[in-house]
>>> print(open('final-v2.tsv').read())   # TSV, C-alpha atoms
chain	number	residue	atom	x	y	z
M	16	MET	CA	273.43	-115.36	106.43
M	17	GLU	CA	272.94	-117.44	103.30
M	18	HIS	CA	275.33	-115.21	101.33
M	19	ILE	CA	277.95	-115.42	104.10
M	20	MET	CA	277.74	-119.22	104.05
M	21	LYS	CA	277.99	-119.30	100.25
M	22	PHE	CA	281.11	-117.14	100.14
M	23	THR	CA	282.62	-119.08	103.05
M	24	VAL	CA	282.20	-122.36	101.16
M	25	LEU	CA	283.53	-120.87	97.91
M	26	GLY	CA	286.51	-119.47	99.83
M	27	PHE	CA	287.06	-122.93	101.32
M	28	PHE	CA	287.05	-124.40	97.79
M	29	ALA	CA	289.46	-121.72	96.54
M	30	LEU	CA	291.98	-122.42	99.31
M	31	PHE	CA	292.06	-126.12	98.52
M	32	ILE	CA	292.43	-125.43	94.79
M	33	ILE	CA	295.36	-123.07	95.43
M	34	ALA	CA	296.98	-125.64	97.73
M	35	GLU	CA	296.54	-128.33	95.07
M	36	LEU	CA	298.07	-126.08	92.39
M	37	ILE	CA	301.12	-125.52	94.62
M	38	TRP	CA	301.38	-129.26	95.29
M	39	ALA	CA	301.11	-130.07	91.57
M	40	ARG	CA	303.83	-127.55	90.73
M	41	PHE	CA	306.26	-129.04	93.24
M	42	GLN	CA	305.38	-132.58	92.16
M	43	LYS	CA	305.60	-131.61	88.46
M	44	LYS	CA	302.15	-133.05	87.81
M	45	SER	CA	299.99	-131.75	84.94
M	46	ILE	CA	296.63	-132.22	86.63
M	47	TYR	CA	295.20	-128.85	85.56
M	48	ASN	CA	294.35	-127.77	82.04
M	49	PRO	CA	293.62	-124.00	81.80
M	50	LYS	CA	290.73	-124.36	79.34
M	51	GLU	CA	289.18	-127.19	81.31
M	52	THR	CA	289.55	-125.33	84.61
M	53	LEU	CA	287.81	-122.28	83.13
M	54	SER	CA	285.04	-124.54	81.81
M	55	ASN	CA	284.59	-126.10	85.26
M	56	ILE	CA	284.38	-122.66	86.90
M	57	ILE	CA	281.75	-121.54	84.37
M	58	ILE	CA	279.69	-124.65	85.10
M	59	LEU	CA	279.95	-123.89	88.83
M	60	THR	CA	278.95	-120.24	88.30
M	61	VAL	CA	275.79	-121.17	86.41
M	62	ASN	CA	274.87	-123.69	89.11
M	63	GLN	CA	275.33	-121.00	91.75
M	64	LEU	CA	273.00	-118.68	89.81
M	65	LEU	CA	270.42	-121.46	89.58
M	66	LYS	CA	270.72	-122.46	93.24
M	67	PRO	CA	267.90	-120.19	94.54
M	68	LEU	CA	265.50	-121.74	92.03
M	69	VAL	CA	266.71	-125.24	92.90
M	70	LEU	CA	266.18	-124.62	96.63
M	71	VAL	CA	262.69	-123.21	96.09
M	72	TRP	CA	261.78	-126.15	93.87
M	73	SER	CA	263.23	-128.68	96.35
M	74	PHE	CA	261.32	-127.26	99.31
M	75	MET	CA	258.10	-127.10	97.26
M	76	VAL	CA	258.41	-130.78	96.34
M	77	PHE	CA	259.43	-131.80	99.86
M	78	SER	CA	256.64	-129.78	101.48
M	79	TRP	CA	254.00	-131.29	99.22
M	80	VAL	CA	255.18	-134.85	99.82
M	81	GLY	CA	255.65	-134.08	103.52
M	82	LYS	CA	251.88	-133.93	103.86
M	83	LEU	CA	251.88	-137.67	103.13
M	84	THR	CA	254.54	-138.50	105.70
M	85	LEU	CA	254.16	-141.88	107.37
M	86	LEU	CA	255.83	-141.07	110.70
M	87	GLN	CA	256.17	-138.19	113.15
M	88	LEU	CA	259.80	-138.33	114.24
M	89	PRO	CA	260.88	-136.73	117.54
M	90	ASN	CA	263.18	-133.72	117.55
M	91	HIS	CA	266.14	-135.61	119.00
M	92	TRP	CA	269.85	-135.63	118.12
M	93	ALA	CA	269.60	-139.29	117.16
M	94	MET	CA	267.17	-138.35	114.39
M	95	TYR	CA	269.84	-136.13	112.85
M	96	VAL	CA	272.27	-139.04	112.82
M	97	LEU	CA	269.63	-141.23	111.16
M	98	ALA	CA	268.86	-138.44	108.68
M	99	ALA	CA	272.54	-138.22	107.69
M	100	ILE	CA	272.68	-142.00	107.16
M	101	MET	CA	269.41	-142.01	105.22
M	102	VAL	CA	270.56	-139.18	102.93
M	103	ASP	CA	273.84	-140.99	102.25
M	104	PHE	CA	271.96	-144.22	101.48
M	105	LEU	CA	269.59	-142.48	99.07
M	106	LEU	CA	272.48	-140.60	97.47
M	107	TYR	CA	274.14	-143.96	96.74
M	108	TRP	CA	271.05	-145.08	94.82
M	109	GLN	CA	270.59	-141.73	93.10
M	110	HIS	CA	274.18	-141.92	91.91
M	111	ARG	CA	273.92	-145.55	90.84
M	112	ILE	CA	270.67	-145.02	88.94
M	113	HIS	CA	272.23	-142.05	87.11
M	114	HIS	CA	274.90	-144.44	85.87
M	115	GLU	CA	272.57	-147.28	84.95
M	116	VAL	CA	269.66	-145.44	83.25
M	117	ALA	CA	270.75	-144.17	79.83
M	118	LEU	CA	268.86	-140.85	79.88
M	119	LEU	CA	270.02	-140.02	83.40
M	120	TRP	CA	273.58	-140.96	82.42
M	121	THR	CA	273.52	-138.28	79.72
M	122	ILE	CA	272.78	-135.79	82.52
M	123	HIS	CA	275.48	-137.15	84.84
M	124	ASN	CA	278.00	-137.64	82.01
M	125	VAL	CA	279.46	-134.13	82.38
M	126	HIS	CA	280.80	-135.01	85.82
M	127	HIS	CA	282.85	-137.85	84.34
M	128	SER	CA	283.80	-136.52	80.91
M	129	SER	CA	286.92	-134.59	81.96
M	130	PRO	CA	290.24	-136.41	81.43
M	131	TRP	CA	291.71	-134.44	84.35
M	132	MET	CA	291.20	-135.06	88.06
M	133	ASN	CA	291.49	-132.09	90.38
M	134	PHE	CA	289.32	-130.20	92.85
M	135	THR	CA	287.57	-128.21	90.08
M	136	THR	CA	286.34	-131.49	88.57
M	137	ALA	CA	283.86	-131.56	91.46
M	138	PHE	CA	282.20	-128.46	89.94
M	139	ARG	CA	281.08	-130.39	86.86
M	140	ILE	CA	277.43	-130.82	87.87
M	141	ASN	CA	274.73	-130.70	85.21
M	142	TRP	CA	272.64	-127.53	85.36
M	143	ILE	CA	269.35	-129.42	85.37
M	144	GLY	CA	270.51	-132.03	87.88
M	145	GLY	CA	269.37	-130.03	90.89
M	146	PHE	CA	265.78	-130.02	89.62
M	147	ILE	CA	265.76	-133.82	89.32
M	148	SER	CA	267.61	-134.61	92.54
M	149	PRO	CA	264.71	-134.02	95.02
M	150	VAL	CA	262.79	-136.98	93.60
M	151	PHE	CA	265.42	-139.40	94.87
M	152	PHE	CA	265.19	-138.12	98.45
M	153	LEU	CA	261.39	-138.28	98.80
M	154	PRO	CA	261.58	-141.58	100.75
M	155	ALA	CA	263.34	-139.68	103.56
M	156	ILE	CA	260.55	-137.10	103.61
M	157	LEU	CA	257.90	-139.84	103.65
M	158	LEU	CA	259.65	-141.41	106.64
M	159	GLY	CA	259.31	-138.17	108.58
M	160	PHE	CA	262.65	-136.44	108.10
M	161	THR	CA	262.31	-132.70	107.48
M	162	PRO	CA	263.20	-130.84	104.26
M	163	THR	CA	265.83	-128.92	106.25
M	164	GLN	CA	267.46	-132.14	107.45
M	165	VAL	CA	267.49	-133.65	103.96
M	166	THR	CA	268.82	-130.58	102.13
M	167	GLY	CA	271.27	-129.79	104.93
M	168	PHE	CA	272.88	-133.23	105.01
M	169	LEU	CA	272.86	-133.43	101.21
M	170	PHE	CA	274.76	-130.10	101.13
M	171	LEU	CA	277.31	-131.35	103.68
M	172	ASN	CA	277.66	-134.59	101.74
M	173	LEU	CA	278.45	-132.69	98.53
M	174	VAL	CA	280.99	-130.47	100.32
M	175	TYR	CA	282.69	-133.63	101.59
M	176	GLN	CA	282.74	-135.05	98.07
M	177	PHE	CA	284.53	-131.92	96.80
M	178	LEU	CA	287.53	-133.01	98.91
M	179	LEU	CA	287.64	-136.38	97.13
M	180	HIS	CA	288.46	-135.01	93.68
M	181	THR	CA	292.24	-134.98	93.94
M	182	GLU	CA	295.38	-136.99	93.26
M	183	SER	CA	297.25	-135.26	96.08
M	184	VAL	CA	296.06	-137.77	98.71
M	185	GLY	CA	297.06	-141.42	98.50
M	186	LYS	CA	295.30	-144.35	100.12
M	187	ILE	CA	294.27	-143.73	103.73
M	188	PRO	CA	294.90	-146.77	105.97
M	189	PHE	CA	291.94	-148.20	107.89
M	190	LEU	CA	289.43	-145.95	106.05
M	191	GLU	CA	289.59	-147.48	102.58
M	192	GLY	CA	286.52	-149.55	101.89
M	193	TRP	CA	284.54	-147.99	104.73
M	194	LEU	CA	284.56	-144.25	104.03
M	195	ASN	CA	284.72	-142.60	100.65
M	196	THR	CA	288.28	-141.41	100.11
M	197	PRO	CA	290.16	-139.69	97.27
M	198	SER	CA	291.49	-143.11	96.27
M	199	ALA	CA	288.00	-144.64	96.15
M	200	HIS	CA	286.64	-141.68	94.20
M	201	ARG	CA	289.50	-141.75	91.70
M	202	VAL	CA	288.32	-145.27	90.92
M	203	HIS	CA	284.79	-143.97	90.40
M	204	HIS	CA	286.06	-141.48	87.80
M	205	GLY	CA	288.09	-144.14	86.01
M	206	SER	CA	287.21	-145.37	82.55
M	207	ASN	CA	289.38	-148.47	83.03
M	208	PRO	CA	287.14	-151.52	82.44
M	209	LYS	CA	287.47	-152.72	86.06
M	210	TYR	CA	286.64	-149.25	87.44
M	211	ILE	CA	283.50	-148.47	85.46
M	212	ASP	CA	280.34	-148.11	87.60
M	213	LYS	CA	282.10	-148.58	90.94
M	214	ASN	CA	282.17	-146.68	94.26
M	215	TYR	CA	278.91	-144.72	94.16
M	216	GLY	CA	278.89	-143.82	97.85
M	217	GLY	CA	278.84	-140.24	99.12
M	218	VAL	CA	280.50	-140.44	102.54
M	219	LEU	CA	280.14	-144.14	103.33
M	220	MET	CA	281.51	-147.02	101.27
M	221	ILE	CA	279.44	-149.57	103.19
M	222	TRP	CA	276.62	-149.31	100.62
M	223	ASP	CA	279.04	-150.26	97.83
M	224	ARG	CA	280.31	-153.19	99.89
M	225	MET	CA	276.74	-154.29	100.65
M	226	PHE	CA	275.54	-154.07	97.04
M	227	GLY	CA	278.66	-155.32	95.27
M	228	THR	CA	279.91	-152.11	93.67
M	229	TYR	CA	283.08	-151.50	95.69
M	230	GLN	CA	286.44	-151.51	93.93
M	231	ALA	CA	289.80	-150.60	95.45
M	232	GLU	CA	292.33	-148.54	93.48
M	233	GLU	CA	294.66	-151.14	92.00
M	234	GLU	CA	295.95	-149.72	88.71
M	235	GLU	CA	296.59	-146.25	87.34
M	236	VAL	CA	293.31	-144.50	86.67
M	237	VAL	CA	292.41	-143.36	83.15
M	238	TYR	CA	289.98	-140.49	83.67
M	239	GLY	CA	287.13	-139.61	81.32
M	240	VAL	CA	284.37	-141.57	79.60
M	241	THR	CA	284.57	-144.37	77.06
M	242	THR	CA	282.44	-142.43	74.58
M	243	GLY	CA	285.14	-139.79	74.14
M	244	PHE	CA	286.13	-136.32	75.24
M	245	GLU	CA	283.32	-133.74	74.87
M	246	GLY	CA	285.66	-130.74	74.62
M	247	HIS	CA	286.17	-127.61	76.71
M	248	ASN	CA	282.91	-125.83	75.78
M	249	PRO	CA	280.92	-125.87	79.07
M	250	VAL	CA	277.54	-125.68	77.31
M	251	TRP	CA	278.33	-128.66	75.10
M	252	ALA	CA	279.90	-130.57	78.01
M	253	VAL	CA	276.62	-130.18	79.92
M	254	PHE	CA	274.10	-130.66	77.13
M	255	GLY	CA	276.01	-132.47	74.36
M	256	PRO	CA	275.33	-136.02	75.57
M	257	MET	CA	271.61	-135.24	75.97
M	258	VAL	CA	271.41	-133.70	72.49
M	259	ARG	CA	273.10	-136.74	70.96
M	260	PHE	CA	270.87	-139.06	73.00
M	261	PHE	CA	267.67	-137.55	71.60
M	262	LYS	CA	269.15	-137.63	68.11
M	263	GLY	CA	269.81	-141.33	68.59
M	264	GLU	CA	273.58	-140.88	68.34
M	265	PHE	CA	274.64	-141.29	71.97
M	266	GLN	CA	275.60	-144.69	73.28
M	267	ARG	CA	276.82	-145.49	76.77
M	268	GLU	CA	279.40	-148.05	75.79
M	269	LYS	CA	281.37	-150.23	78.18
M	270	ARG	CA	284.48	-150.94	76.14
M	271	ASN	CA	288.20	-150.64	76.45
M	272	VAL	CA	289.56	-147.12	76.34
M	273	GLY	CA	292.14	-146.09	73.78
M	274	THR	CA	294.94	-143.63	74.40
M	275	PHE	CA	293.62	-140.19	75.27
M	276	ILE	CA	294.86	-137.46	72.95
M	277	ASP	CA	294.77	-133.93	74.34
M	278	PRO	CA	292.81	-131.86	71.77
M	279	ASP	CA	295.12	-128.92	72.52
>>> encode(input="final-v2.tsv", output="structure tokens")
Amino acid sequence: MEHIMKFTVLGFFALFIIAELIWARFQKKSIYNPKETLSNIIILTVNQLLKPLVLVWSFMVFSWVGKLTLLQLPNHWAMYVLAAIMVDFLLYWQHRIHHEVALLWTIHNVHHSSPWMNFTTAFRINWIGGFISPVFFLPAILLGFTPTQVTGFLFLNLVYQFLLHTESVGKIPFLEGWLNTPSAHRVHHGSNPKYIDKNYGGVLMIWDRMFGTYQAEEEEVVYGVTTGFEGHNPVWAVFGPMVRFFKGEFQREKRNVGTFIDPD
């Protein structure tokens, strides 16, 4: 069953990528770079290979902390709604902390370092990120939500976020500022000074509005990071910022971005 679900999701991703490629061709938009796309697929492949270990680790941590749970929540549909909201709230803070804490930023950096925005950009998730992630969702376990609820809604949240990594969808009336949209997430990937560290939400934008981190898309987005392009090597894209951090060479600068020059 797990393998069927995995291939179903990957097939879902593939269909959207093909549709986006067709759209880009008709629109004459250069949103895909072959080397970068291959790098993104390699990063995804390694994460898929690591997923069984990540799931085992997550359930071990959740089960251990679950013994300390403060509440015994009823098995009611309303609890699933609350679980989804709680996971989204905690994901906001996980995401924000990864931007604001230098060491965690070096882990999250790979997701932002590509100068291209397309569906495969969503695959740029650090290989060690899944082993750190459970820590940020322990409050939900302590409040009585089950490991299955937390991991399940986190998975659905991440699938939803895959759909946000595209330029093929413009602003969506009535939803902007309330739900995360492709427009809102393009802002999040922007290295423009006014876009840096904005729109952390997973599904809901209400957390960003509540905590002052919401920014609407107002000017053309310059994708990438202010510290420069890491290159197409997937291993260096994942680990390069961490290596330079421990060597004392990596700085998370908030400065104006110069013109991006394609290394190819």
>>> residues_around(input="final-v2.tsv", residues="region 174-188 of chain M", least_positions_apart="5", cutoff="6 Å", atoms="all atoms listed in the file", output="PyMOL selection string")
chain M and resi 132-134+137+196-198
>>> closest_residue(input="final-v2.tsv", among="M:Val102, M:Ile143, M:Leu173, M:Ala29", to="Val61 (chain M)", atoms="all atoms listed in the file")
M:Ile143
>>> atom_distance(input="final-v2.tsv", atom1="CA of Gly81 (chain M)", atom2="CA of Leu157 (chain M)")
6.2 Å
>>> residues_around(input="final-v2.tsv", residues="Asn248 (chain M)", least_positions_apart="6", cutoff="10 Å", atoms="only C-alpha atoms", output="PyMOL selection string")
chain M and resi 50-51+53-55+57-58+255
>>> write_last_selection(input="final-v2.tsv", atoms="C-alpha atoms", output="PDB file, in the frame of the given file")
ATOM      1  CA  LYS M  50     290.730-124.360  79.340  1.00  0.00           C
ATOM      2  CA  GLU M  51     289.180-127.190  81.310  1.00  0.00           C
ATOM      3  CA  LEU M  53     287.810-122.280  83.130  1.00  0.00           C
ATOM      4  CA  SER M  54     285.040-124.540  81.810  1.00  0.00           C
ATOM      5  CA  ASN M  55     284.590-126.100  85.260  1.00  0.00           C
ATOM      6  CA  ILE M  57     281.750-121.540  84.370  1.00  0.00           C
ATOM      7  CA  ILE M  58     279.690-124.650  85.100  1.00  0.00           C
ATOM      8  CA  GLY M 255     276.010-132.470  74.360  1.00  0.00           C
TER       9      GLY M 255
END
>>> residues_around(input="final-v2.tsv", residues="Gly205 (chain M)", least_positions_apart="5", cutoff="6 Å", atoms="all atoms listed in the file", output="ChimeraX atom specification")
/M:210,236-238
>>> residues_around(input="final-v2.tsv", residues="Lys82 (chain M)", least_positions_apart="2", cutoff="12 Å", atoms="all atoms listed in the file", output="list in words")
Met75, Val76, Phe77, Ser78, Trp79, Val80, Thr84, Leu85, Leu86, Gln87, Leu153, Ile156, Leu157, Leu158, Gly159, Phe160, Thr161 and Pro162 of chain M
>>> build_atoms(input="final-v2.tsv", residues="region 21-39 of chain M", atoms="N, CA and C atoms", output="PDB file, in the coordinates of the input")
ATOM      1  N   LYS M  21     277.593-119.011 101.621  1.00  0.00           N
ATOM      2  CA  LYS M  21     277.990-119.300 100.250  1.00  0.00           C
ATOM      3  C   LYS M  21     279.423-118.867  99.993  1.00  0.00           C
ATOM      4  N   PHE M  22     279.763-117.637 100.391  1.00  0.00           N
ATOM      5  CA  PHE M  22     281.110-117.140 100.140  1.00  0.00           C
ATOM      6  C   PHE M  22     282.142-117.856 101.009  1.00  0.00           C
ATOM      7  N   THR M  23     281.720-118.308 102.193  1.00  0.00           N
ATOM      8  CA  THR M  23     282.620-119.080 103.050  1.00  0.00           C
ATOM      9  C   THR M  23     282.976-120.404 102.380  1.00  0.00           C
ATOM     10  N   VAL M  24     281.972-121.074 101.837  1.00  0.00           N
ATOM     11  CA  VAL M  24     282.200-122.360 101.160  1.00  0.00           C
ATOM     12  C   VAL M  24     283.050-122.166  99.913  1.00  0.00           C
ATOM     13  N   LEU M  25     282.747-121.129  99.122  1.00  0.00           N
ATOM     14  CA  LEU M  25     283.530-120.870  97.910  1.00  0.00           C
ATOM     15  C   LEU M  25     284.974-120.516  98.267  1.00  0.00           C
ATOM     16  N   GLY M  26     285.155-119.773  99.360  1.00  0.00           N
ATOM     17  CA  GLY M  26     286.510-119.470  99.830  1.00  0.00           C
ATOM     18  C   GLY M  26     287.243-120.725 100.248  1.00  0.00           C
ATOM     19  N   PHE M  27     286.523-121.627 100.914  1.00  0.00           N
ATOM     20  CA  PHE M  27     287.060-122.930 101.320  1.00  0.00           C
ATOM     21  C   PHE M  27     287.523-123.710 100.084  1.00  0.00           C
ATOM     22  N   PHE M  28     286.687-123.727  99.043  1.00  0.00           N
ATOM     23  CA  PHE M  28     287.050-124.400  97.790  1.00  0.00           C
ATOM     24  C   PHE M  28     288.304-123.764  97.189  1.00  0.00           C
ATOM     25  N   ALA M  29     288.335-122.432  97.157  1.00  0.00           N
ATOM     26  CA  ALA M  29     289.460-121.720  96.540  1.00  0.00           C
ATOM     27  C   ALA M  29     290.777-122.041  97.240  1.00  0.00           C
ATOM     28  N   LEU M  30     290.756-122.113  98.565  1.00  0.00           N
ATOM     29  CA  LEU M  30     291.980-122.420  99.310  1.00  0.00           C
ATOM     30  C   LEU M  30     292.511-123.806  98.968  1.00  0.00           C
ATOM     31  N   PHE M  31     291.623-124.763  98.856  1.00  0.00           N
ATOM     32  CA  PHE M  31     292.060-126.120  98.520  1.00  0.00           C
ATOM     33  C   PHE M  31     292.584-126.186  97.081  1.00  0.00           C
ATOM     34  N   ILE M  32     291.958-125.440  96.180  1.00  0.00           N
ATOM     35  CA  ILE M  32     292.430-125.430  94.790  1.00  0.00           C
ATOM     36  C   ILE M  32     293.823-124.814  94.704  1.00  0.00           C
ATOM     37  N   ILE M  33     294.039-123.712  95.414  1.00  0.00           N
ATOM     38  CA  ILE M  33     295.360-123.070  95.430  1.00  0.00           C
ATOM     39  C   ILE M  33     296.400-124.019  96.017  1.00  0.00           C
ATOM     40  N   ALA M  34     296.050-124.687  97.114  1.00  0.00           N
ATOM     41  CA  ALA M  34     296.980-125.640  97.730  1.00  0.00           C
ATOM     42  C   ALA M  34     297.315-126.776  96.771  1.00  0.00           C
ATOM     43  N   GLU M  35     296.304-127.239  96.024  1.00  0.00           N
ATOM     44  CA  GLU M  35     296.540-128.330  95.070  1.00  0.00           C
ATOM     45  C   GLU M  35     297.420-127.860  93.913  1.00  0.00           C
ATOM     46  N   LEU M  36     297.230-126.634  93.456  1.00  0.00           N
ATOM     47  CA  LEU M  36     298.070-126.080  92.390  1.00  0.00           C
ATOM     48  C   LEU M  36     299.529-126.014  92.838  1.00  0.00           C
ATOM     49  N   ILE M  37     299.752-125.589  94.081  1.00  0.00           N
ATOM     50  CA  ILE M  37     301.120-125.520  94.620  1.00  0.00           C
ATOM     51  C   ILE M  37     301.721-126.921  94.705  1.00  0.00           C
ATOM     52  N   TRP M  38     300.935-127.871  95.201  1.00  0.00           N
ATOM     53  CA  TRP M  38     301.380-129.260  95.290  1.00  0.00           C
ATOM     54  C   TRP M  38     301.747-129.801  93.913  1.00  0.00           C
ATOM     55  N   ALA M  39     300.873-129.552  92.923  1.00  0.00           N
ATOM     56  CA  ALA M  39     301.110-130.070  91.570  1.00  0.00           C
ATOM     57  C   ALA M  39     302.380-129.466  90.963  1.00  0.00           C
TER      58      ALA M  39
END
